[in-house]
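Written out below as structure tokens is the structure these notes cover.
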Amino acid sequence: MSLPFSLAGRTALISGASSGLGAGFARLYAEAGANVVLGARRTDATGALAREIGTQALAVPLDVTDAASVVAAFDAAEARFGRVDTVVANAGIAATGRSTEVAPDDIARVMATNFTGVYLLAREGAKRMIASGSREREDGRIILIGSITALLGFSGDAAYAASKAAVAKLGRDFAREWARQGVNVNTIQPGYIHTEINADWYATPGGAAHIQSFPRKRLQTAGSLDAMMLFLASDASRSVTGGIFTVDDGQSL
Ligand code: NAD
């Protein structure tokens with residue numbers, strides 16, 4: 001398949017690249033010519049993926065909830081590839097259950113990963129892009145992975161949904177703050193895609209009924225995000241910043 005946008009010459013750091021969408025984004029960006037830095041807590045999984053991709057990939061330990069770990073991941077990326085000009089804040093977790101019953105620790109974990117983690121990763125990336133001259137090159141790209149749960153009324157995922165609404169808001173405000181520094185920040189809000197994050201849910205009768213409630217009565221495929229992911233990391237999106245792009249196969253209609 002010929003890809004619509006080239007990422008040759010770019011280096012992208014992707015959080016949560018050990019499984020699901022993040023692993024797919026890493027393969028996609030590498031195929032489009034970028035160097036890819038695979039950040040995750042599970043370096044056994046990212047190490048295997050990096051070996052599969054080849055010399056243009058590097059696995060680094062990364063816990064997005066830990067500011068020192070975020071700094072160390074960028075240090076390792078720069079030591080291998082030089083500048084990181086593209087960041088994909090993809091790591092995320094859920095805490096499903098009735099809001100009357102979800103444990104306080106689970107609420108805190110969701111916010112630490114999905115909100116604080118996105119914040120720490122994006123701002124460390126932006127700091128380094130700005131310090132390395134993104135203002136002149138206008139080549140900084142930060143892509144936040146939100147979710148359509150930010151838009152929908154849905155019971156059983158309130159902390160997750162609120163954290164994703166916060167991601168979209170962070171995307172807008174970061175975009176405003178770094179607009180004159182050559183750093184574009186955009187948020188993609190995917191619909192429901194079968195991955196580790198929701199595998200248990202879709203194995204239940206409730207999960208099957210959920211799929212039937214979508215206009216097209218199907219889960220979205222991970223590949224359906226590819227074109228938007230490539231566009232937002234490419235030179236073609238130079239004038240696109242502060243966008244919130246819902247790519248959901250119509251599930252939120
Ligand atoms: P996933 O569980 O396969 O992937 C999430 C990844 O994040 C995992 O590799 C996990 O190890 C990593 N991660 C979690 N906490 C981390 C931390 N503290 N530091 C570093 N990495 C950490 O699920 P996925 O579906 O691929 O999710 C990827 C992103 O897409 C998430 O932000 C999720 O909220 C979002 N999303 C998923 C769907 C869907 O239907 N699958 C829909 C909308 C949005």
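Just remember, in the structure tokens the first chain shown is A, the second B, etc., residues are 1-based per chain, and ligands are 1-based in the order shown.
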Please build the interface table for chain A against ligand 1 with a cut-off of 7 Å, listing for each qualifying residue the nearest atom pair and the distance in Å to one decimal; count only C-alpha atoms and all ligand atoms, order rows by chain and increasing number, and write it as JSON lines.
{"residue": "A:Ser15", "atom": "CA", "partner": "ligand 1", "partner_atom_place_in_ligand_line": "21 (N)", "distance": 5.6}
{"residue": "A:Gly16", "atom": "CA", "partner": "ligand 1", "partner_atom_place_in_ligand_line": "7 (O)", "distance": 3.5}
{"residue": "A:Ala17", "atom": "CA", "partner": "ligand 1", "partner_atom_place_in_ligand_line": "9 (O)", "distance": 5.3}
{"residue": "A:Ser18", "atom": "CA", "partner": "ligand 1", "partner_atom_place_in_ligand_line": "9 (O)", "distance": 4.2}
{"residue": "A:Ser19", "atom": "CA", "partner": "ligand 1", "partner_atom_place_in_ligand_line": "9 (O)", "distance": 4.3}
{"residue": "A:Gly20", "atom": "CA", "partner": "ligand 1", "partner_atom_place_in_ligand_line": "26 (O)", "distance": 3.4}
{"residue": "A:Leu21", "atom": "CA", "partner": "ligand 1", "partner_atom_place_in_ligand_line": "26 (O)", "distance": 3.7}
{"residue": "A:Gly22", "atom": "CA", "partner": "ligand 1", "partner_atom_place_in_ligand_line": "26 (O)", "distance": 5.6}
{"residue": "A:Gly39", "atom": "CA", "partner": "ligand 1", "partner_atom_place_in_ligand_line": "20 (C)", "distance": 6.5}
{"residue": "A:Ala40", "atom": "CA", "partner": "ligand 1", "partner_atom_place_in_ligand_line": "21 (N)", "distance": 4.3}
{"residue": "A:Arg41", "atom": "CA", "partner": "ligand 1", "partner_atom_place_in_ligand_line": "20 (C)", "distance": 5.3}
{"residue": "A:Arg42", "atom": "CA", "partner": "ligand 1", "partner_atom_place_in_ligand_line": "11 (O)", "distance": 6.5}
{"residue": "A:Leu62", "atom": "CA", "partner": "ligand 1", "partner_atom_place_in_ligand_line": "20 (C)", "distance": 5.3}
{"residue": "A:Asp63", "atom": "CA", "partner": "ligand 1", "partner_atom_place_in_ligand_line": "19 (N)", "distance": 3.4}
{"residue": "A:Val64", "atom": "CA", "partner": "ligand 1", "partner_atom_place_in_ligand_line": "19 (N)", "distance": 4.1}
{"residue": "A:Thr65", "atom": "CA", "partner": "ligand 1", "partner_atom_place_in_ligand_line": "18 (N)", "distance": 5.1}
{"residue": "A:Asn90", "atom": "CA", "partner": "ligand 1", "partner_atom_place_in_ligand_line": "32 (O)", "distance": 4.6}
{"residue": "A:Ala91", "atom": "CA", "partner": "ligand 1", "partner_atom_place_in_ligand_line": "7 (O)", "distance": 3.5}
{"residue": "A:Gly92", "atom": "CA", "partner": "ligand 1", "partner_atom_place_in_ligand_line": "32 (O)", "distance": 3.5}
{"residue": "A:Ile93", "atom": "CA", "partner": "ligand 1", "partner_atom_place_in_ligand_line": "14 (C)", "distance": 5.5}
{"residue": "A:Ala94", "atom": "CA", "partner": "ligand 1", "partner_atom_place_in_ligand_line": "34 (O)", "distance": 6.9}
{"residue": "A:Thr113", "atom": "CA", "partner": "ligand 1", "partner_atom_place_in_ligand_line": "18 (N)", "distance": 5.2}
{"residue": "A:Asn114", "atom": "CA", "partner": "ligand 1", "partner_atom_place_in_ligand_line": "32 (O)", "distance": 6.6}
{"residue": "A:Gly117", "atom": "CA", "partner": "ligand 1", "partner_atom_place_in_ligand_line": "18 (N)", "distance": 6.9}
{"residue": "A:Ile145", "atom": "CA", "partner": "ligand 1", "partner_atom_place_in_ligand_line": "32 (O)", "distance": 5.4}
{"residue": "A:Gly146", "atom": "CA", "partner": "ligand 1", "partner_atom_place_in_ligand_line": "44 (C)", "distance": 5.5}
{"residue": "A:Ser147", "atom": "CA", "partner": "ligand 1", "partner_atom_place_in_ligand_line": "43 (C)", "distance": 4.0}
{"residue": "A:Ile148", "atom": "CA", "partner": "ligand 1", "partner_atom_place_in_ligand_line": "43 (C)", "distance": 6.3}
{"residue": "A:Gln189", "atom": "CA", "partner": "ligand 1", "partner_atom_place_in_ligand_line": "43 (C)", "distance": 6.2}
{"residue": "A:Pro190", "atom": "CA", "partner": "ligand 1", "partner_atom_place_in_ligand_line": "43 (C)", "distance": 4.4}
{"residue": "A:Gly191", "atom": "CA", "partner": "ligand 1", "partner_atom_place_in_ligand_line": "42 (C)", "distance": 4.9}
{"residue": "A:Tyr192", "atom": "CA", "partner": "ligand 1", "partner_atom_place_in_ligand_line": "40 (O)", "distance": 3.4}
{"residue": "A:Ile193", "atom": "CA", "partner": "ligand 1", "partner_atom_place_in_ligand_line": "40 (O)", "distance": 3.6}
{"residue": "A:His194", "atom": "CA", "partner": "ligand 1", "partner_atom_place_in_ligand_line": "41 (N)", "distance": 5.4}
{"residue": "A:Thr195", "atom": "CA", "partner": "ligand 1", "partner_atom_place_in_ligand_line": "25 (O)", "distance": 4.7}
{"residue": "A:Glu196", "atom": "CA", "partner": "ligand 1", "partner_atom_place_in_ligand_line": "3 (O)", "distance": 4.2}
{"residue": "A:Ile197", "atom": "CA", "partner": "ligand 1", "partner_atom_place_in_ligand_line": "2 (O)", "distance": 3.8}
{"residue": "A:Asn198", "atom": "CA", "partner": "ligand 1", "partner_atom_place_in_ligand_line": "41 (N)", "distance": 6.2}
key: Near-Ala50 of chain A list (12 Å; only C-alpha atoms; drop same-chain fewer than 2 positions) as a list of chain:residue names   =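 Counting only the stated atoms, we get A:Ala17, A:Ser18, A:Ala23, A:Ala26, A:Arg27, A:Ala30, A:Asn35, A:Val36, A:Val37, A:Leu38, A:Gly39, A:Ala40, A:Thr43, A:Asp44, A:Ala45, A:Thr46, A:Gly47, A:Ala48, A:Glu52, A:Ile53, A:Gly54, A:Thr55, A:Gln56, A:Ala57, A:Leu58, A:Ala59, A:Val60.
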For C-alpha atoms, I'd like the residues from the last selection saved as a PDB file, in the first residue's frame.
ATOM      1  CA  ALA A  17       3.642   1.374  22.267  1.00  0.00           C
ATOM      2  CA  SER A  18       3.712  -2.086  23.861  1.00  0.00           C
ATOM      3  CA  ALA A  23       2.122  -0.638  18.623  1.00  0.00           C
ATOM      4  CA  ALA A  26       4.805   2.644  15.704  1.00  0.00           C
ATOM      5  CA  ARG A  27       4.640   0.214  12.767  1.00  0.00           C
ATOM      6  CA  ALA A  30       8.188   3.408  10.704  1.00  0.00           C
ATOM      7  CA  ASN A  35      12.467   6.789  13.376  1.00  0.00           C
ATOM      8  CA  VAL A  36      10.239   5.509  16.161  1.00  0.00           C
ATOM      9  CA  VAL A  37      10.861   5.496  19.898  1.00  0.00           C
ATOM     10  CA  LEU A  38       8.634   2.962  21.626  1.00  0.00           C
ATOM     11  CA  GLY A  39       7.864   4.035  25.173  1.00  0.00           C
ATOM     12  CA  ALA A  40       6.205   1.658  27.618  1.00  0.00           C
ATOM     13  CA  THR A  43      10.119  -3.174  27.591  1.00  0.00           C
ATOM     14  CA  ASP A  44       9.948  -6.887  26.778  1.00  0.00           C
ATOM     15  CA  ALA A  45       7.029  -6.171  24.434  1.00  0.00           C
ATOM     16  CA  THR A  46       8.476  -2.963  22.958  1.00  0.00           C
ATOM     17  CA  GLY A  47      11.900  -4.598  22.636  1.00  0.00           C
ATOM     18  CA  ALA A  48      10.396  -7.361  20.494  1.00  0.00           C
ATOM     19  CA  GLU A  52      10.763  -6.517  14.275  1.00  0.00           C
ATOM     20  CA  ILE A  53      10.805  -2.943  12.914  1.00  0.00           C
ATOM     21  CA  GLY A  54      14.599  -2.762  12.675  1.00  0.00           C
ATOM     22  CA  THR A  55      17.305  -0.143  13.206  1.00  0.00           C
ATOM     23  CA  GLN A  56      14.919   2.790  12.897  1.00  0.00           C
ATOM     24  CA  ALA A  57      13.187   1.716  16.148  1.00  0.00           C
ATOM     25  CA  LEU A  58      14.282   2.042  19.766  1.00  0.00           C
ATOM     26  CA  ALA A  59      12.493   0.678  22.842  1.00  0.00           C
ATOM     27  CA  VAL A  60      12.773   2.863  25.956  1.00  0.00           C
TER      28      VAL A  60
END
Exercise: Val240 of chain A partners within 9 Å, only C-alpha atoms, chain neighbours under 5 positions left out, as a PDB file with N, CA, C and O atoms, in the first residue's frame:
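part_6.pdb, freshly written:
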ATOM      1  N   ASN A 184       2.675  22.125  16.680  1.00  0.00           N
ATOM      2  CA  ASN A 184       1.242  21.892  16.488  1.00  0.00           C
ATOM      3  C   ASN A 184       0.756  20.792  17.426  1.00  0.00           C
ATOM      4  O   ASN A 184       1.419  19.769  17.571  1.00  0.00           O
ATOM      5  N   VAL A 185      -0.381  21.026  18.043  1.00  0.00           N
ATOM      6  CA  VAL A 185      -0.949  20.029  18.963  1.00  0.00           C
ATOM      7  C   VAL A 185      -2.375  19.721  18.513  1.00  0.00           C
ATOM      8  O   VAL A 185      -3.200  20.640  18.395  1.00  0.00           O
ATOM      9  N   ASN A 186      -2.640  18.473  18.251  1.00  0.00           N
ATOM     10  CA  ASN A 186      -3.979  18.050  17.834  1.00  0.00           C
ATOM     11  C   ASN A 186      -4.406  16.800  18.594  1.00  0.00           C
ATOM     12  O   ASN A 186      -3.558  16.005  19.020  1.00  0.00           O
ATOM     13  N   LEU A 232      -1.419  14.240  10.568  1.00  0.00           N
ATOM     14  CA  LEU A 232      -1.102  15.149  11.686  1.00  0.00           C
ATOM     15  C   LEU A 232       0.377  15.136  12.059  1.00  0.00           C
ATOM     16  O   LEU A 232       0.847  16.065  12.719  1.00  0.00           O
TER      17      LEU A 232
END
Between atom CA of Arg123 of chain A and atom CA of Asp248 of chain A lies a distance of 27.0 Å
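Residue nearest Ala12 of chain A within the list A:Met111, A:Val183, A:Ile142, A:Leu253: A:Ile142 [criterion: smallest interatomic distance, only C-alpha atoms].
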Do you have, as JSON lines, the list of residues of segment 43-141 of chain A lying at most 8 Å from segment 167-170 of chain A, each with its nearest atom pair and that distance in Å to one decimal, counting only C-alpha atoms and ordered by chain then number?
{"residue": "A:Asn114", "atom": "CA", "partner": "A:Val167", "partner_atom": "CA", "distance": 7.5}
{"residue": "A:Phe115", "atom": "CA", "partner": "A:Val167", "partner_atom": "CA", "distance": 6.2}
{"residue": "A:Val118", "atom": "CA", "partner": "A:Val167", "partner_atom": "CA", "distance": 7.3}
{"residue": "A:Tyr119", "atom": "CA", "partner": "A:Leu170", "partner_atom": "CA", "distance": 7.4}
Any chance you can output those residues with N, CA and C atoms as a CSV table (one decimal), in the first residue's frame?
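Contents of selection-v8.csv, freshly written:
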chain,number,residue,atom,x,y,z
A,114,ASN,N,-4.0,9.1,32.2
A,114,ASN,CA,-4.6,9.7,31.0
A,114,ASN,C,-4.6,11.3,31.0
A,115,PHE,N,-4.5,11.9,32.2
A,115,PHE,CA,-4.4,13.3,32.2
A,115,PHE,C,-3.0,13.8,32.5
A,118,VAL,N,-0.4,12.5,29.9
A,118,VAL,CA,-0.4,13.2,28.7
A,118,VAL,C,0.2,14.6,28.8
A,119,TYR,N,-0.1,15.2,29.9
A,119,TYR,CA,0.5,16.6,30.2
A,119,TYR,C,2.0,16.5,30.2
For Asp157 of chain A, work out the shell of residues within 9 Å, counting only C-alpha atoms and skipping chain neighbours fewer than 2 positions away, then give it as a list in words.
->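 Final neighbour list, sorted by chain and number: Ala94, Ala95, Thr96, Gly97, Arg98, Ser99, Thr149, Phe154, Ser155, Ala159, Tyr160, Ala161 and Ala162 of chain A.
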Output as an NGL selection string all residues of segment 64-118 of chain A that backbone DSSP marks as helix (DSSP H, G or I). :A and (67-81 or 104-118)
*Compile the contact shell of segment 79-87 of chain A as a ChimeraX atom specification: residues with an atom at most 8 Å away, counting only C-alpha atoms, same-chain residues fewer than 2 positions apart removed.*
/A:10-14,35,58,74-77,89,121-122,125,128-129,132,139-143,233
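When only C-alpha atoms are used to measure the gap to Arg218 of chain A, the shortest distance among A:Ser239, A:Thr204, A:Thr246, A:Gln251 belongs to A:Gln251.
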Legend entry - Sel. of strand (DSSP E) residues, segment 12-208 of chain A, as a PyMOL selection string: chain A and resi 12-15+35-40+57-61+86-89+140-145+183-190
* Asked: If you count only C-alpha atoms, which residues fall within 9 Å of segment 224-228 of chain A, apart from same-chain ones fewer than 5 positions away, as an MDAnalysis selection string?
  -> chainID A and resid 3:5 24:25 28 188 190 233 245 247:249
Could you save those same residues with N, CA and C atoms as a PDB file, in the first residue's frame?
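Everything below was put into result.pdb:
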ATOM      1  N   LEU A   3       1.511   4.934   1.129  1.00  0.00           N
ATOM      2  CA  LEU A   3       0.968   5.750   2.205  1.00  0.00           C
ATOM      3  C   LEU A   3       0.776   7.195   1.723  1.00  0.00           C
ATOM      4  N   PRO A   4      -0.251   7.883   2.225  1.00  0.00           N
ATOM      5  CA  PRO A   4      -0.564   9.221   1.710  1.00  0.00           C
ATOM      6  C   PRO A   4       0.424  10.306   2.120  1.00  0.00           C
ATOM      7  N   PHE A   5       1.150  10.119   3.223  1.00  0.00           N
ATOM      8  CA  PHE A   5       2.086  11.145   3.686  1.00  0.00           C
ATOM      9  C   PHE A   5       3.392  10.472   4.106  1.00  0.00           C
ATOM     10  N   GLY A  24       0.554  -0.303  16.802  1.00  0.00           N
ATOM     11  CA  GLY A  24       0.166  -0.074  15.404  1.00  0.00           C
ATOM     12  C   GLY A  24       0.697   1.261  14.887  1.00  0.00           C
ATOM     13  N   PHE A  25       0.614   2.305  15.728  1.00  0.00           N
ATOM     14  CA  PHE A  25       1.137   3.619  15.305  1.00  0.00           C
ATOM     15  C   PHE A  25       2.637   3.527  15.041  1.00  0.00           C
ATOM     16  N   LEU A  28       3.205   1.881  11.735  1.00  0.00           N
ATOM     17  CA  LEU A  28       2.761   2.791  10.670  1.00  0.00           C
ATOM     18  C   LEU A  28       3.798   3.886  10.428  1.00  0.00           C
ATOM     19  N   ILE A 188      -6.869  13.350  18.540  1.00  0.00           N
ATOM     20  CA  ILE A 188      -7.735  12.426  17.794  1.00  0.00           C
ATOM     21  C   ILE A 188      -8.635  11.718  18.803  1.00  0.00           C
ATOM     22  N   PRO A 190     -10.753   8.595  18.862  1.00  0.00           N
ATOM     23  CA  PRO A 190     -11.225   7.383  18.184  1.00  0.00           C
ATOM     24  C   PRO A 190     -12.526   6.886  18.798  1.00  0.00           C
ATOM     25  N   ALA A 233       1.117  14.112  11.636  1.00  0.00           N
ATOM     26  CA  ALA A 233       2.564  14.092  11.910  1.00  0.00           C
ATOM     27  C   ALA A 233       3.363  14.644  10.734  1.00  0.00           C
ATOM     28  N   PHE A 245     -10.144  15.908  16.364  1.00  0.00           N
ATOM     29  CA  PHE A 245     -10.651  15.142  15.236  1.00  0.00           C
ATOM     30  C   PHE A 245     -11.297  13.850  15.726  1.00  0.00           C
ATOM     31  N   VAL A 247     -12.636  10.447  14.888  1.00  0.00           N
ATOM     32  CA  VAL A 247     -12.524   9.442  13.817  1.00  0.00           C
ATOM     33  C   VAL A 247     -13.115   8.167  14.407  1.00  0.00           C
ATOM     34  N   ASP A 248     -14.418   7.939  14.167  1.00  0.00           N
ATOM     35  CA  ASP A 248     -15.108   6.918  14.970  1.00  0.00           C
ATOM     36  C   ASP A 248     -16.095   6.055  14.201  1.00  0.00           C
ATOM     37  N   ASP A 249     -16.002   6.055  12.851  1.00  0.00           N
ATOM     38  CA  ASP A 249     -16.915   5.220  12.060  1.00  0.00           C
ATOM     39  C   ASP A 249     -18.383   5.576  12.357  1.00  0.00           C
TER      40      ASP A 249
END
Point to revise | Among listed residues A:Ser234, A:Thr187, A:Ser252, A:Thr100, nearest Leu152 of chain A (using only C-alpha atoms) | key: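 Result for the nearest residue to Leu152 of chain A: A:Ser252.
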